[in-house]
Every structure is written in C-alpha cells, then in structure tokens.
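S.K.: Contents of start.txt (compact mmCIF, C-alpha atoms) are below:
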```txt
# COMPACT_ATOMS: atom_id res chain seq x y z
CA MET A 1 0.00 0.00 0.00
CA MET A 2 1.09 3.56 -0.72
CA ASP A 3 3.34 5.63 1.56
CA LEU A 4 1.70 8.99 2.18
CA VAL A 5 2.25 12.27 3.99
CA PHE A 6 -0.94 13.98 5.19
CA CYS A 7 -1.16 17.75 5.64
CA GLY A 8 -4.29 19.03 7.37
CA THR A 9 -5.57 21.13 10.25
CA PRO A 10 -9.37 21.54 10.66
CA LEU A 11 -12.16 19.16 11.61
CA PHE A 12 -13.11 18.90 7.93
CA ALA A 13 -9.84 17.00 7.30
CA VAL A 14 -10.29 14.40 10.05
CA PRO A 15 -12.55 11.96 8.11
CA SER A 16 -10.00 11.91 5.28
CA LEU A 17 -7.19 11.03 7.67
CA GLU A 18 -9.25 8.34 9.36
CA LYS A 19 -10.44 6.86 6.07
CA LEU A 20 -6.90 6.66 4.67
CA VAL A 21 -5.72 4.79 7.75
CA ALA A 22 -8.73 2.45 7.68
CA ALA A 23 -8.09 1.71 3.99
CA GLY A 24 -4.57 0.54 4.79
CA PHE A 25 -2.47 3.40 3.43
CA HIS A 26 0.83 4.00 5.21
CA LEU A 27 0.65 7.45 6.83
CA LYS A 28 4.34 8.08 7.35
CA LEU A 29 3.81 11.61 8.70
CA VAL A 30 0.95 13.94 9.62
CA VAL A 31 1.67 17.65 9.20
CA SER A 32 -0.57 20.12 11.02
CA GLN A 33 -0.39 23.75 12.05
CA PRO A 34 1.08 24.59 15.48
CA ASP A 35 -1.13 24.55 18.58
CA ARG A 36 -3.03 27.83 18.93
CA PRO A 37 -4.47 29.68 21.95
CA SER A 38 -8.23 29.28 22.19
CA GLY A 39 -11.12 29.60 24.62
CA ARG A 40 -11.55 32.08 27.43
CA GLY A 41 -8.33 30.97 29.06
CA MET A 42 -6.44 31.20 25.74
CA GLU A 43 -4.79 27.85 26.44
CA LEU A 44 -2.80 26.21 23.67
CA THR A 45 -5.06 23.78 21.82
CA ALA A 46 -4.10 21.12 19.31
CA SER A 47 -5.81 21.17 15.91
CA PRO A 48 -8.51 18.56 15.22
CA VAL A 49 -6.13 16.78 12.83
CA LYS A 50 -3.39 16.60 15.46
CA GLN A 51 -5.85 15.23 18.00
CA ALA A 52 -6.99 12.57 15.53
CA ALA A 53 -3.39 11.68 14.63
CA LEU A 54 -2.55 11.20 18.31
CA GLN A 55 -5.52 8.84 18.70
CA LEU A 56 -4.37 6.92 15.62
CA ASP A 57 -0.78 6.79 16.96
CA LEU A 58 0.63 8.51 13.87
CA PRO A 59 3.85 10.55 13.73
CA ILE A 60 3.15 14.31 13.78
CA THR A 61 5.08 17.46 12.97
CA GLN A 62 3.90 21.07 13.31
CA PRO A 63 6.34 23.39 11.55
CA ASP A 64 5.81 27.13 11.86
CA LYS A 65 6.78 27.51 8.22
CA ILE A 66 7.40 25.09 5.38
CA ARG A 67 8.64 27.07 2.37
CA ASN A 68 12.22 27.64 3.60
CA ASN A 69 12.36 24.98 6.30
CA ASP A 70 15.42 22.83 5.59
CA GLU A 71 14.72 20.37 8.41
CA PHE A 72 11.16 19.77 7.23
CA ARG A 73 12.35 19.43 3.65
CA ARG A 74 14.92 16.79 4.63
CA GLN A 75 12.26 14.95 6.62
CA LEU A 76 9.95 14.67 3.61
CA HIS A 77 12.79 13.70 1.27
CA GLU A 78 13.74 10.87 3.64
CA ILE A 79 10.16 9.61 3.72
CA ALA A 80 9.90 9.83 -0.10
CA PRO A 81 6.09 9.58 -0.16
CA GLU A 82 4.30 8.44 -3.28
CA ALA A 83 1.78 11.23 -2.71
CA ILE A 84 1.21 14.11 -0.33
CA ILE A 85 -2.42 14.59 0.71
CA VAL A 86 -3.50 18.14 1.55
CA VAL A 87 -6.88 18.81 3.20
CA GLY A 88 -7.40 22.25 4.71
CA TYR A 89 -3.81 22.56 5.84
CA GLY A 90 -3.83 26.35 5.70
CA ARG A 91 -0.38 26.89 4.20
CA ILE A 92 0.67 27.56 0.61
CA ILE A 93 2.45 24.45 -0.66
CA PRO A 94 5.93 25.39 -1.96
CA GLN A 95 7.22 24.21 -5.30
CA TRP A 96 9.72 21.81 -3.77
CA MET A 97 6.83 19.93 -2.10
CA ILE A 98 4.80 19.97 -5.32
CA ASP A 99 7.74 18.39 -7.17
CA LEU A 100 8.60 15.77 -4.54
CA PRO A 101 6.12 12.85 -4.80
CA PRO A 102 5.64 10.97 -8.09
CA LEU A 103 1.83 11.09 -7.81
CA GLY A 104 1.83 14.74 -6.79
CA ASN A 105 0.23 16.72 -3.98
CA ILE A 106 -3.43 15.72 -3.94
CA ASN A 107 -5.82 18.30 -2.51
CA LEU A 108 -9.39 17.69 -1.40
CA HIS A 109 -11.38 20.87 -2.02
CA ALA A 110 -14.96 21.42 -0.84
CA SER A 111 -16.46 22.66 -4.09
CA LEU A 112 -16.99 21.63 -7.69
CA LEU A 113 -13.93 23.33 -9.11
CA PRO A 114 -13.43 25.75 -10.78
CA LYS A 115 -16.33 27.19 -8.78
CA TYR A 116 -15.55 28.58 -5.34
CA ARG A 117 -11.78 28.56 -5.32
CA GLY A 118 -10.44 29.84 -2.02
CA ALA A 119 -10.60 29.48 1.73
CA ALA A 120 -14.37 29.35 2.35
CA PRO A 121 -16.04 27.34 -0.45
CA ILE A 122 -18.76 25.78 1.72
CA GLN A 123 -19.84 29.11 3.21
CA TRP A 124 -19.92 30.98 -0.08
CA ALA A 125 -21.74 28.22 -1.99
CA ILE A 126 -24.64 28.51 0.48
CA ALA A 127 -24.40 32.30 0.68
CA MET A 128 -24.68 32.58 -3.10
CA GLY A 129 -27.84 30.47 -3.17
CA GLU A 130 -26.43 27.33 -4.78
CA GLN A 131 -28.68 24.26 -4.60
CA CYS A 132 -25.83 21.86 -5.30
CA THR A 133 -22.13 21.80 -4.47
CA GLY A 134 -19.67 18.98 -3.97
CA VAL A 135 -16.06 17.99 -3.51
CA SER A 136 -13.12 17.80 -5.90
CA THR A 137 -9.75 16.15 -5.77
CA MET A 138 -7.08 18.02 -7.67
CA ARG A 139 -3.34 18.08 -8.20
CA ILE A 140 -1.87 21.12 -6.53
CA ASP A 141 0.07 23.53 -8.73
CA ALA A 142 1.49 26.98 -8.06
CA GLY A 143 -1.91 28.73 -8.35
CA LEU A 144 -4.82 29.09 -5.92
CA ASP A 145 -6.90 25.94 -6.40
CA THR A 146 -6.08 25.98 -10.11
CA GLY A 147 -4.59 22.50 -10.56
CA ASP A 148 -5.95 19.72 -12.74
CA VAL A 149 -9.12 18.09 -11.40
CA LEU A 150 -8.94 14.35 -10.74
CA LEU A 151 -12.40 13.34 -9.49
CA GLN A 152 -15.56 15.14 -8.36
CA GLU A 153 -18.70 14.21 -6.44
CA GLU A 154 -21.86 16.30 -6.15
CA GLU A 155 -23.76 16.96 -2.91
CA PRO A 156 -27.15 18.73 -2.70
CA ILE A 157 -27.59 21.81 -0.54
CA ASN A 158 -30.88 21.44 1.33
CA PRO A 159 -32.99 24.50 2.25
CA GLU A 160 -32.36 23.87 5.94
CA ASP A 161 -28.59 23.48 5.49
CA THR A 162 -26.09 25.81 7.07
CA ALA A 163 -22.32 25.68 6.74
CA LEU A 164 -22.34 23.70 9.99
CA THR A 165 -24.62 20.95 8.64
CA LEU A 166 -23.22 20.78 5.12
CA ALA A 167 -19.52 20.61 6.05
CA PRO A 168 -19.64 17.17 7.76
CA ARG A 169 -21.41 15.62 4.75
CA LEU A 170 -18.84 17.06 2.37
CA ALA A 171 -16.02 15.88 4.64
CA GLN A 172 -17.31 12.29 4.55
CA CYS A 173 -17.98 12.42 0.81
CA GLY A 174 -14.52 13.87 0.25
CA ALA A 175 -12.84 11.17 2.31
CA GLU A 176 -14.37 8.50 0.08
CA LEU A 177 -13.36 10.44 -3.01
CA LEU A 178 -9.74 10.57 -1.83
CA ILE A 179 -9.61 6.78 -1.61
CA SER A 180 -11.02 6.45 -5.13
CA THR A 181 -8.59 9.09 -6.39
CA LEU A 182 -5.51 7.37 -5.02
CA ALA A 183 -6.65 4.02 -6.40
CA GLY A 184 -7.29 5.58 -9.80
CA LEU A 185 -3.95 7.36 -9.89
CA LYS A 186 -2.11 4.18 -8.93
CA SER A 187 -3.85 2.15 -11.64
CA GLY A 188 -3.66 4.88 -14.26
CA ALA A 189 -7.44 4.98 -14.60
CA ILE A 190 -7.70 8.74 -13.95
CA THR A 191 -6.99 11.33 -16.61
CA PRO A 192 -6.42 14.75 -14.95
CA GLN A 193 -8.66 17.44 -16.42
CA PRO A 194 -7.53 21.08 -16.68
CA GLN A 195 -9.91 23.57 -15.12
CA ASP A 196 -11.82 26.04 -17.27
CA ASN A 197 -10.56 29.29 -15.79
CA THR A 198 -13.30 31.28 -17.53
CA LYS A 199 -15.84 29.59 -15.21
CA ALA A 200 -13.90 30.19 -12.00
CA THR A 201 -15.52 31.90 -9.01
CA LEU A 202 -13.85 32.86 -5.76
CA ALA A 203 -14.63 32.01 -2.13
CA PRO A 204 -12.39 34.37 -0.15
CA ILE A 205 -11.72 34.04 3.55
CA LEU A 206 -14.60 35.44 5.57
CA LYS A 207 -14.35 38.81 7.29
CA ARG A 208 -16.38 40.05 10.22
CA GLU A 209 -18.13 42.63 8.06
CA ASP A 210 -19.48 39.88 5.78
CA GLY A 211 -21.95 39.13 8.56
CA GLN A 212 -23.42 42.63 8.74
CA ILE A 213 -26.97 42.56 7.46
CA ASP A 214 -27.49 44.68 4.36
CA PHE A 215 -31.13 45.70 4.06
CA SER A 216 -30.67 46.65 0.40
CA ARG A 217 -30.57 42.90 -0.33
CA ASN A 218 -33.76 40.93 -0.64
CA ALA A 219 -34.81 38.47 2.06
CA THR A 220 -33.78 35.33 0.17
CA ASP A 221 -30.25 36.62 -0.46
CA SER A 222 -29.96 37.62 3.21
CA TRP A 223 -31.28 34.21 4.31
CA ASN A 224 -28.67 32.45 2.18
CA ARG A 225 -25.91 34.53 3.74
CA LEU A 226 -27.25 33.87 7.24
CA ARG A 227 -27.12 30.11 6.57
CA GLY A 228 -23.74 30.23 4.88
CA PHE A 229 -21.96 32.35 7.44
CA GLN A 230 -22.51 30.01 10.40
CA PRO A 231 -21.05 29.95 12.99
CA TRP A 232 -18.99 33.03 12.08
CA PRO A 233 -19.44 35.86 11.23
CA GLY A 234 -23.15 35.03 11.37
CA ALA A 235 -25.77 37.67 10.57
CA TYR A 236 -25.92 40.78 12.73
CA THR A 237 -27.40 44.25 12.90
CA ARG A 238 -28.24 46.67 15.72
CA PHE A 239 -31.37 47.14 17.81
CA ARG A 240 -31.84 49.94 20.31
CA GLY A 241 -28.12 50.64 20.26
CA ARG A 242 -27.03 47.04 20.89
CA MET A 243 -25.74 44.29 18.63
CA LEU A 244 -28.44 41.88 17.47
CA HIS A 245 -27.58 38.49 15.94
CA LEU A 246 -30.05 36.49 13.88
CA HIS A 247 -29.50 32.75 14.30
CA VAL A 248 -32.48 31.14 12.56
CA ALA A 249 -34.87 32.69 10.06
CA THR A 250 -36.79 31.76 6.93
CA PRO A 251 -38.08 33.83 4.02
CA ALA A 252 -41.67 34.92 4.68
CA PRO A 253 -43.56 34.27 1.41
CA GLU A 254 -46.80 36.09 2.20
CA VAL A 255 -46.70 39.01 4.60
CA ALA A 256 -47.97 42.53 4.90
CA VAL A 257 -45.59 45.10 3.47
CA VAL A 258 -42.61 45.54 5.78
CA ALA A 259 -40.26 48.45 5.26
CA ALA A 260 -36.65 47.41 4.73
CA GLY A 261 -34.76 47.54 8.02
CA HIS A 262 -37.91 47.52 10.15
CA PHE A 263 -39.67 44.98 12.34
CA LEU A 264 -43.29 43.94 11.93
CA ILE A 265 -45.14 41.91 14.54
CA GLU A 266 -47.77 39.77 12.84
CA ASN A 267 -49.68 36.95 14.57
CA GLU A 268 -46.88 36.52 17.12
CA ARG A 269 -44.33 36.32 14.32
CA LEU A 270 -41.31 38.59 14.23
CA LEU A 271 -40.82 39.78 10.67
CA LEU A 272 -37.84 41.77 9.47
CA GLY A 273 -38.15 43.73 6.25
CA PHE A 274 -35.71 43.70 3.34
CA ALA A 275 -35.55 45.17 -0.15
CA HIS A 276 -38.32 44.82 -2.73
CA GLY A 277 -41.05 44.21 -0.15
CA THR A 278 -39.53 40.96 1.10
CA ALA A 279 -39.12 39.84 4.71
CA LEU A 280 -37.56 37.22 6.93
CA ASP A 281 -39.59 35.37 9.53
CA VAL A 282 -37.13 35.46 12.43
CA LYS A 283 -37.16 32.31 14.60
CA GLU A 284 -34.16 32.67 16.92
CA LEU A 285 -32.02 35.67 17.75
CA GLN A 286 -29.65 37.02 20.37
CA LEU A 287 -29.28 40.51 21.76
CA GLU A 288 -25.84 41.63 22.86
CA GLY A 289 -25.13 40.44 26.40
CA LYS A 290 -28.11 38.07 26.45
CA LYS A 291 -28.70 34.41 25.72
CA ARG A 292 -30.04 33.11 22.43
CA MET A 293 -33.85 33.18 22.50
CA SER A 294 -36.93 32.43 20.43
CA ALA A 295 -38.70 35.18 18.55
CA ARG A 296 -41.68 34.83 20.90
CA ASP A 297 -39.47 35.37 23.95
CA PHE A 298 -37.89 38.36 22.25
CA ILE A 299 -41.31 39.86 21.49
CA ASN A 300 -42.53 39.29 25.06
CA GLY A 301 -39.33 40.51 26.67
CA TYR A 302 -38.43 43.55 24.58
CA ARG A 303 -41.78 44.54 23.13
CA PRO A 304 -40.49 45.58 19.72
CA LYS A 305 -42.98 47.82 17.96
CA SER A 306 -44.23 47.21 14.46
CA GLU A 307 -42.34 49.51 12.09
CA GLU A 308 -39.53 49.86 14.66
CA GLU A 309 -36.26 50.42 12.83
CA VAL A 310 -33.17 48.24 13.21
CA GLY A 311 -29.76 48.73 11.69
CA SER A 312 -26.38 50.30 12.17
CA GLY A 313 -27.80 53.68 13.01
CA THR A 314 -30.16 52.61 15.79
```
Since I need it in another form, could you write the structure as structure tokens?
M.R.:
Amino acid sequence: MMDLVFCGTPLFAVPSLEKLVAAGFHLKLVVSQPDRPSGRGMELTASPVKQAALQLDLPITQPDKIRNNDEFRRQLHEIAPEAIIVVGYGRIIPQWMIDLPPLGNINLHASLLPKYRGAAPIQWAIAMGEQCTGVSTMRIDAGLDTGDVLLQEEEPINPEDTALTLAPRLAQCGAELLISTLAGLKSGAITPQPQDNTKATLAPILKREDGQIDFSRNATDSWNRLRGFQPWPGAYTRFRGRMLHLHVATPAPEVAVVAAGHFLIENERLLLGFAHGTALDVKELQLEGKKRMSARDFINGYRPKSEEEVGSGT
C-alpha cells in the first residue's frame, strides 16, 4: 500500500485522515499547524487533525513555516512519499513539495472546481444560493486551487442546510473520493482534467463585516448569507443601540408590506423587512449580552414595535 504524507488542520480534514488509515495506506507523517491559543483561558489547543493523529498513533510534525524549512524538507525527502495529501492545511504548498512525490500533492477541495476557489467554499456556496455543491480532488500547482481536477462528487444543498450541517457531509464524501482518487492514480485509470478558468468563481476568507446585514438585499439573499456564514461571522445588525444576531430565520412568502430595516409583529411572528417588499420570519435571535432566544421570547421581553427600525444607526 502507498506511503503517504498527510497535511491538514481543521475538523473537515479528520474523516479523510481516518479513512486513509482504515483503507490501509501508510501514513508516514501527519503535518498540522502549530497549537493555537483558544477559549476564554487562551490555552494552547491542538488542531482537530493533530488530536486525531494522536488517537491513531501517527507521527506528527507542526512546523511554523514550510517554504524555507530545511529540516522539514529533509524529513519529507527521507520519507519519499508516493503522494502528499492536503486537506485544509492552511499553508501555501511550496514548489519543492509539489515536485517531490511521483503522484503529486493531492488536494481535497470542498467545491466543484473551478467554482468557489479559495478558503471558504462551503460558506460561499450557500451564501450565493447554490442548490448543489460537492467535492473535488485536484493536483496542486502553483496557483490558488487551479490545478488539474482528478475526481468530483456532487452533494445537494438542502434548504435547511447551514455551513455547519453541510460541512460534515462534504467531509465524509470527500474522504471516500480521496480513496477512489488514489486508487485511480495508482492504476492509471484517472486522466487529470484542466480547469476552465473562464468559469472560476472565488470564495475568499470570511471577514467580520461579511456578517453585517445589508437591508438593500432581498430576504432570500440575506437568508442564504445567514445560513452560509454560520457559525462566524453570522448575521448581525443593531437594535436599540445594541448588537443583534439572527440565528435562525426563513423567508416569509406572504406578509404585509414591511419596510426594509424595520420589524413587523404579525400573529406573534417577528418579521424583518428587506428590499423589494420581502421579509424574513425570524425564529431565533440574540441581543448583545443576552442568551439566544426564540422570537416569541424576544417579542414578550423587549416589546419591539411594528415599524420599529433596526440597523447600524439605531
């Protein structure tokens, strides 16, 4: 069975690591990012991939940098892997690593390339209203997710999906696709396909301001962004001078006219108006400094008035 090096960091990469081990591949080294401070105590915490590698009793390294790291380079040359697997590692792979293994550096990407190249493909696919996405295996080259595609698998995006519910399904689907990819490369059954760069779209890393609700959008677009940008940056605005986060909402198909950026209370429902006479039926929300609550509890506790304005200026 093949000798591999695995480079990964987030939870999304863990099923791939576990599936490779279960399939009998020889994981000669797991490469993950250094432990980072997290939580209220800011204690150093191992990445999900490192934690999984420890449980699987696999050798681990966590270099601060890899491009000009002579020790790390010697380590990989001594291993001489047939392929290097990269799943959400979070570092640009240098040319010397790309050139090292005979089967290449195989990346699992959570989109149907060339769509949604970049750091947040799952989030942006939902935010842009896609009804289907998927996973791709590709050979890494010097560009950003521009290498030849090896295999792809589609996955539907359900109306109730958020980035939190879709990511685990794509991770499992991707893990299976990696196994098929390695088998196909070994047997010569896969013909790498160049990407059509004219059809490329980008999925840049999320910024906090991406979560700020824009009332010039219609309700469906805002709902897609709310679902896609979970758990961070979420969907937020201001209410009575305090930050207000929307956690769960659905487009309201038939409502009285609600002004964009205003609340409407209708039959114990909390409606929030958006552009073009559209509205969201808010189900769960959270006011700054308070716990997450249902719309009914919010109505009973804060008595928002119909036509009361929300937004950055309130």
S.K.: Go ahead and compute the interatomic distance for CA of Glu288 in chain A and CA of Lys207 in chain A, in Å to one decimal.
M.R.: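 We find that CA of Glu288 in chain A and CA of Lys207 in chain A lie 19.6 Å from each other.
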S.K.: Of the candidates A:Ser216, A:Ser47, A:Ser222, A:Gln55, which one gets nearest to Val21 in chain A if we count all atoms listed in the file?
M.R.: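 Nearest to Val21 in chain A: A:Gln55.
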S.K.: For each of A:Glu154, A:Glu176, A:Glu130, A:Glu82, take the minimum atom-to-atom distance to Ser16 in chain A, counting all atoms listed in the file, then give the residue where this is smallest.
M.R.: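 Comparing A:Glu154, A:Glu176, A:Glu130, A:Glu82 against Ser16 in chain A, the winner is A:Glu176.
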S.K.: List the spatial neighbours of Pro156 in chain A as a list in words - criterion: any atom at most 12 Å away, all atoms listed in the file, same-chain residues fewer than 4 positions off excluded.
M.R.: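 Selected residues are Ser111, Leu112, Ile122, Ala125, Ile126, Gly129, Glu130, Gln131, Cys132, Thr133, Gly134, Val135, Glu160, Asp161, Thr165, Leu166, Ala167, Arg169, Leu170 and Cys173 of chain A.
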S.K.: At what distance in Å, to one decimal, does CA of Leu182 in chain A lie from CA of Leu20 in chain A?
M.R.: 9.8 Å
S.K.: Find the distance between CA of Leu103 in chain A and CA of Val30 in chain A and write it in Å to one decimal.
M.R.: 17.7 Å
S.K.: Considering all atoms listed in the file, return as a VMD selection string whatever protein or nucleic-acid residues lie within 10 Å of Asn197 in chain A, sequence-local ones (same chain, fewer than 6 positions apart) excluded.
M.R.: chain A and resid 113 to 115 146
S.K.: May I have the protein, DNA and RNA residues with any atom at most 12 Å from the point (-37.2, 35.4, 12.3), counting only C-alpha atoms, written as a PyMOL selection string?
M.R.: chain A and resi 219+222-223+226+235+245-252+263-266+268-273+279-286+293-299
S.K.: Can you sort out the box for range 170-174 of chain A, edges along x, y and z, all listed atoms in, 3 Å on every side, with centre and edge lengths in Å to one decimal, as lines of an AutoDock Vina configuration file?
M.R.:
```
center_x = -16.7
center_y = 14.7
center_z = 2.4
size_x = 10.3
size_y = 10.8
size_z = 10.4
```
S.K.: Show which residues sit within 9 Å of Pro94 in chain A, as an MDAnalysis selection string. Count only C-alpha atoms, and ignore same-chain residues fewer than 4 positions away.
M.R.: chainID A and resid 66:68 98:99 142
S.K.: Taking into account only C-alpha atoms, which residue in the set A:Glu155, A:Asp141, A:Asp64, A:Glu71 is nearest to Met97 in chain A?
M.R.: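 Checking each candidate against Met97 in chain A, we get A:Asp141 as the closest.
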S.K.: Within 12 Å of (-0.1, 21.1, -4.2), all atoms listed in the file: residues as a ChimeraX atom specification?
M.R.: /A:6-7,83-101,103-109,137-149
S.K.: Would you mind telling me which residue in A:Ser187, A:Gln193, A:Asn300, A:Thr220 lies nearest to Leu151 in chain A when using only C-alpha atoms?
M.R.: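 Ranking A:Ser187, A:Gln193, A:Asn300, A:Thr220 by distance to Leu151 in chain A, first place goes to A:Gln193.
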S.K.: Starting from the sparse input, extend range 157-193 of chain A to N, CA and C atoms and give the output as a JSON list (two decimals), keeping the file's coordinate frame.
M.R.:
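Below is the file result.json, written as the result:
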```json
[["chain", "number", "residue", "atom", "x", "y", "z"],
["A", 157, "ILE", "N", -27.45, 20.88, -1.65],
["A", 157, "ILE", "CA", -27.59, 21.81, -0.54],
["A", 157, "ILE", "C", -29.07, 21.90, -0.22],
["A", 158, "ASN", "N", -29.47, 21.44, 0.94],
["A", 158, "ASN", "CA", -30.88, 21.44, 1.33],
["A", 158, "ASN", "C", -31.28, 22.82, 1.87],
["A", 159, "PRO", "N", -32.56, 23.17, 1.78],
["A", 159, "PRO", "CA", -32.99, 24.50, 2.25],
["A", 159, "PRO", "C", -32.65, 24.75, 3.72],
["A", 160, "GLU", "N", -32.65, 23.69, 4.51],
["A", 160, "GLU", "CA", -32.36, 23.87, 5.94],
["A", 160, "GLU", "C", -30.86, 23.82, 6.25],
["A", 161, "ASP", "N", -30.03, 23.60, 5.25],
["A", 161, "ASP", "CA", -28.59, 23.48, 5.49],
["A", 161, "ASP", "C", -27.98, 24.82, 5.89],
["A", 162, "THR", "N", -27.01, 24.73, 6.80],
["A", 162, "THR", "CA", -26.09, 25.81, 7.07],
["A", 162, "THR", "C", -24.68, 25.27, 6.80],
["A", 163, "ALA", "N", -23.69, 26.15, 6.90],
["A", 163, "ALA", "CA", -22.32, 25.68, 6.74],
["A", 163, "ALA", "C", -21.98, 24.60, 7.76],
["A", 164, "LEU", "N", -22.61, 24.67, 8.93],
["A", 164, "LEU", "CA", -22.34, 23.70, 9.99],
["A", 164, "LEU", "C", -22.90, 22.32, 9.67],
["A", 165, "THR", "N", -24.03, 22.25, 8.96],
["A", 165, "THR", "CA", -24.62, 20.95, 8.64],
["A", 165, "THR", "C", -24.08, 20.37, 7.34],
["A", 166, "LEU", "N", -23.71, 21.25, 6.41],
["A", 166, "LEU", "CA", -23.22, 20.78, 5.12],
["A", 166, "LEU", "C", -21.78, 20.29, 5.20],
["A", 167, "ALA", "N", -20.95, 20.95, 5.99],
["A", 167, "ALA", "CA", -19.52, 20.61, 6.05],
["A", 167, "ALA", "C", -19.26, 19.15, 6.41],
["A", 168, "PRO", "N", -19.92, 18.58, 7.44],
["A", 168, "PRO", "CA", -19.64, 17.17, 7.76],
["A", 168, "PRO", "C", -19.99, 16.22, 6.62],
["A", 169, "ARG", "N", -21.06, 16.50, 5.88],
["A", 169, "ARG", "CA", -21.41, 15.62, 4.75],
["A", 169, "ARG", "C", -20.35, 15.70, 3.66],
["A", 170, "LEU", "N", -19.89, 16.92, 3.38],
["A", 170, "LEU", "CA", -18.84, 17.06, 2.37],
["A", 170, "LEU", "C", -17.54, 16.42, 2.82],
["A", 171, "ALA", "N", -17.26, 16.49, 4.11],
["A", 171, "ALA", "CA", -16.02, 15.88, 4.64],
["A", 171, "ALA", "C", -16.05, 14.36, 4.44],
["A", 172, "GLN", "N", -17.19, 13.73, 4.72],
["A", 172, "GLN", "CA", -17.31, 12.29, 4.55],
["A", 172, "GLN", "C", -17.26, 11.90, 3.07],
["A", 173, "CYS", "N", -17.98, 12.66, 2.26],
["A", 173, "CYS", "CA", -17.98, 12.42, 0.81],
["A", 173, "CYS", "C", -16.57, 12.58, 0.25],
["A", 174, "GLY", "N", -15.87, 13.62, 0.72],
["A", 174, "GLY", "CA", -14.52, 13.87, 0.25],
["A", 174, "GLY", "C", -13.54, 12.79, 0.65],
["A", 175, "ALA", "N", -13.72, 12.24, 1.85],
["A", 175, "ALA", "CA", -12.84, 11.17, 2.31],
["A", 175, "ALA", "C", -12.95, 9.95, 1.39],
["A", 176, "GLU", "N", -14.17, 9.62, 1.01],
["A", 176, "GLU", "CA", -14.37, 8.50, 0.08],
["A", 176, "GLU", "C", -13.75, 8.81, -1.28],
["A", 177, "LEU", "N", -13.90, 10.06, -1.71],
["A", 177, "LEU", "CA", -13.36, 10.44, -3.01],
["A", 177, "LEU", "C", -11.83, 10.37, -3.03],
["A", 178, "LEU", "N", -11.20, 10.69, -1.91],
["A", 178, "LEU", "CA", -9.74, 10.57, -1.83],
["A", 178, "LEU", "C", -9.28, 9.13, -2.05],
["A", 179, "ILE", "N", -9.98, 8.19, -1.44],
["A", 179, "ILE", "CA", -9.61, 6.78, -1.61],
["A", 179, "ILE", "C", -9.72, 6.38, -3.08],
["A", 180, "SER", "N", -10.83, 6.78, -3.72],
["A", 180, "SER", "CA", -11.02, 6.45, -5.13],
["A", 180, "SER", "C", -9.96, 7.13, -6.00],
["A", 181, "THR", "N", -9.60, 8.35, -5.62],
["A", 181, "THR", "CA", -8.59, 9.09, -6.39],
["A", 181, "THR", "C", -7.24, 8.40, -6.34],
["A", 182, "LEU", "N", -6.82, 8.02, -5.15],
["A", 182, "LEU", "CA", -5.51, 7.37, -5.02],
["A", 182, "LEU", "C", -5.49, 6.04, -5.76],
["A", 183, "ALA", "N", -6.58, 5.30, -5.68],
["A", 183, "ALA", "CA", -6.65, 4.02, -6.40],
["A", 183, "ALA", "C", -6.58, 4.26, -7.91],
["A", 184, "GLY", "N", -7.29, 5.29, -8.38],
["A", 184, "GLY", "CA", -7.29, 5.58, -9.80],
["A", 184, "GLY", "C", -5.96, 6.09, -10.31],
["A", 185, "LEU", "N", -5.27, 6.88, -9.49],
["A", 185, "LEU", "CA", -3.95, 7.36, -9.89],
["A", 185, "LEU", "C", -2.95, 6.20, -9.95],
["A", 186, "LYS", "N", -3.05, 5.32, -8.98],
["A", 186, "LYS", "CA", -2.11, 4.18, -8.93],
["A", 186, "LYS", "C", -2.30, 3.26, -10.13],
["A", 187, "SER", "N", -3.57, 3.07, -10.53],
["A", 187, "SER", "CA", -3.85, 2.15, -11.64],
["A", 187, "SER", "C", -3.75, 2.83, -13.00],
["A", 188, "GLY", "N", -3.69, 4.15, -13.00],
["A", 188, "GLY", "CA", -3.66, 4.88, -14.26],
["A", 188, "GLY", "C", -5.02, 5.10, -14.87],
["A", 189, "ALA", "N", -6.08, 4.86, -14.08],
["A", 189, "ALA", "CA", -7.44, 4.98, -14.60],
["A", 189, "ALA", "C", -7.94, 6.42, -14.66],
["A", 190, "ILE", "N", -7.26, 7.34, -13.99],
["A", 190, "ILE", "CA", -7.70, 8.74, -13.95],
["A", 190, "ILE", "C", -6.90, 9.58, -14.94],
["A", 191, "THR", "N", -7.62, 10.37, -15.72],
["A", 191, "THR", "CA", -6.99, 11.33, -16.61],
["A", 191, "THR", "C", -7.24, 12.72, -16.04],
["A", 192, "PRO", "N", -6.21, 13.40, -15.51],
["A", 192, "PRO", "CA", -6.42, 14.75, -14.95],
["A", 192, "PRO", "C", -7.01, 15.70, -15.98],
["A", 193, "GLN", "N", -7.98, 16.51, -15.53],
["A", 193, "GLN", "CA", -8.66, 17.44, -16.42],
["A", 193, "GLN", "C", -8.34, 18.88, -16.05]]
```
